[in-house]
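For reference, the structure is listed below as structure tokens.
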Amino acid sequence: MNARSARSRRLVRLMFANPASAVYLGLVAASMVVAAVEPLFGENPDTSMIWVWPALFTFPVFGVVAGLGEAVFGVEAPAWFFVGGIVVSALAQSLAFGAVLDSLRGRQRRRVPRPHGG
């Protein structure tokens, strides 16, 4: 296995294969599904405001993405950029959650006393 493959696997493991990231990504995915389905079945005339929840779940990273969208597209950024920004923000924060959890686990492993043989 080469170093690039090992780095890619570690990145994917930190982003998806830990409890904190899995719960967070599930929360963001569920909020996006609700936001996408609500206009189809909801009777509220202002259903576009439901997209605030996925955006809020992905702050502060989404704030940077939204600022970038405003700089590139102006005030009216396209929907694909908005949804893509939520996905990219969620993945970046999931990676951060995984890295923090991995760091805390590593610190905890170093503190656990090892039994002496004998």
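Following the order of the structure tokens, first chain is A, next is B, and so on, with residues numbered from 1 inside each chain and ligands from 1 in the order they appear.
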
Please provide the set of residues having any atom within 10 Å of Met32 of chain A, restricted to only C-alpha atoms, with same-chain residues fewer than 5 positions apart removed, written as an mmCIF file with N, CA and C atoms, in the first residue's frame.
```
data_model
loop_
_atom_site.group_PDB
_atom_site.id
_atom_site.type_symbol
_atom_site.label_atom_id
_atom_site.label_comp_id
_atom_site.auth_asym_id
_atom_site.auth_seq_id
_atom_site.Cartn_x
_atom_site.Cartn_y
_atom_site.Cartn_z
ATOM 1 N N GLY A 26 -25.814 12.174 9.318
ATOM 2 C CA GLY A 26 -27.213 11.742 9.296
ATOM 3 C C GLY A 26 -28.161 12.892 9.577
ATOM 4 N N LEU A 27 -27.799 13.745 10.525
ATOM 5 C CA LEU A 27 -28.620 14.913 10.853
ATOM 6 C C LEU A 27 -28.715 15.872 9.666
ATOM 7 N N VAL A 37 -38.329 17.706 0.390
ATOM 8 C CA VAL A 37 -39.658 17.109 0.271
ATOM 9 C C VAL A 37 -40.764 18.068 0.728
ATOM 10 N N GLU A 38 -40.482 18.934 1.664
ATOM 11 C CA GLU A 38 -41.491 19.835 2.221
ATOM 12 C C GLU A 38 -42.252 20.646 1.162
ATOM 13 N N ILE A 50 -37.354 26.655 4.702
ATOM 14 C CA ILE A 50 -36.964 25.405 5.365
ATOM 15 C C ILE A 50 -35.494 25.078 5.098
ATOM 16 N N TRP A 51 -34.924 25.645 4.034
ATOM 17 C CA TRP A 51 -33.519 25.399 3.723
ATOM 18 C C TRP A 51 -32.573 26.102 4.694
ATOM 19 N N VAL A 52 -33.120 26.890 5.591
ATOM 20 C CA VAL A 52 -32.285 27.524 6.611
ATOM 21 C C VAL A 52 -31.694 26.465 7.545
ATOM 22 N N TRP A 53 -32.468 25.415 7.843
ATOM 23 C CA TRP A 53 -31.993 24.399 8.795
ATOM 24 C C TRP A 53 -30.749 23.657 8.323
ATOM 25 N N PRO A 54 -30.715 23.116 7.102
ATOM 26 C CA PRO A 54 -29.454 22.479 6.686
ATOM 27 C C PRO A 54 -28.276 23.457 6.682
ATOM 28 N N ALA A 55 -28.546 24.706 6.309
ATOM 29 C CA ALA A 55 -27.469 25.695 6.316
ATOM 30 C C ALA A 55 -26.975 25.955 7.737
ATOM 31 N N VAL A 83 -26.890 24.118 -2.476
ATOM 32 C CA VAL A 83 -26.968 22.719 -2.030
ATOM 33 C C VAL A 83 -25.578 22.082 -2.003
ATOM 34 N N ILE A 86 -23.726 23.227 1.015
ATOM 35 C CA ILE A 86 -24.146 22.527 2.235
ATOM 36 C C ILE A 86 -23.458 21.170 2.325
ATOM 37 N N VAL A 87 -23.398 20.448 1.210
ATOM 38 C CA VAL A 87 -22.762 19.119 1.201
ATOM 39 C C VAL A 87 -21.268 19.235 1.503
#
```

All alpha helix (DSSP H) positions in chain A, as number ranges by chain: A: 3-16, 19-41, 52-57, 61-73, 79-111

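When the distance limit is 9 Å and only C-alpha atoms are what count, the residues near segment 95-107 of chain A, minus those fewer than 4 positions from it on the same chain, are Leu11, Val12, Arg13, Leu14, Met15, Phe16, Ala17, Asn18, Pro19, Ala20, Ser21, Tyr24, Ala90, Leu91 and Arg111 of chain A.
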
Using only C-alpha atoms, please write the residues we just selected to a file, as an mmCIF file, in the first residue's frame.
```
data_model
loop_
_atom_site.group_PDB
_atom_site.id
_atom_site.type_symbol
_atom_site.label_atom_id
_atom_site.label_comp_id
_atom_site.auth_asym_id
_atom_site.auth_seq_id
_atom_site.Cartn_x
_atom_site.Cartn_y
_atom_site.Cartn_z
ATOM 1 C CA LEU A 11 -9.321 10.745 5.459
ATOM 2 C CA VAL A 12 -12.378 8.645 4.600
ATOM 3 C CA ARG A 13 -12.238 6.927 7.995
ATOM 4 C CA LEU A 14 -12.112 10.263 9.806
ATOM 5 C CA MET A 15 -14.924 11.673 7.676
ATOM 6 C CA PHE A 16 -17.391 8.768 7.760
ATOM 7 C CA ALA A 17 -16.383 5.860 9.996
ATOM 8 C CA ASN A 18 -16.807 7.238 13.494
ATOM 9 C CA PRO A 19 -19.887 7.835 15.632
ATOM 10 C CA ALA A 20 -19.649 11.643 15.774
ATOM 11 C CA SER A 21 -19.361 12.036 12.015
ATOM 12 C CA TYR A 24 -23.711 14.606 12.213
ATOM 13 C CA ALA A 90 -21.040 19.039 6.043
ATOM 14 C CA LEU A 91 -18.177 16.872 4.785
ATOM 15 C CA ARG A 111 -3.283 7.904 29.674
#
```

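You will find atom CA of Ala36 of chain A at 21.2 Å from atom CA of Val61 of chain A.
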
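Residue nearest Pro60 of chain A within the list A:Val28, A:Ser89, A:Ala22, A:Phe82: A:Ser89 [criterion: smallest interatomic distance, only C-alpha atoms].
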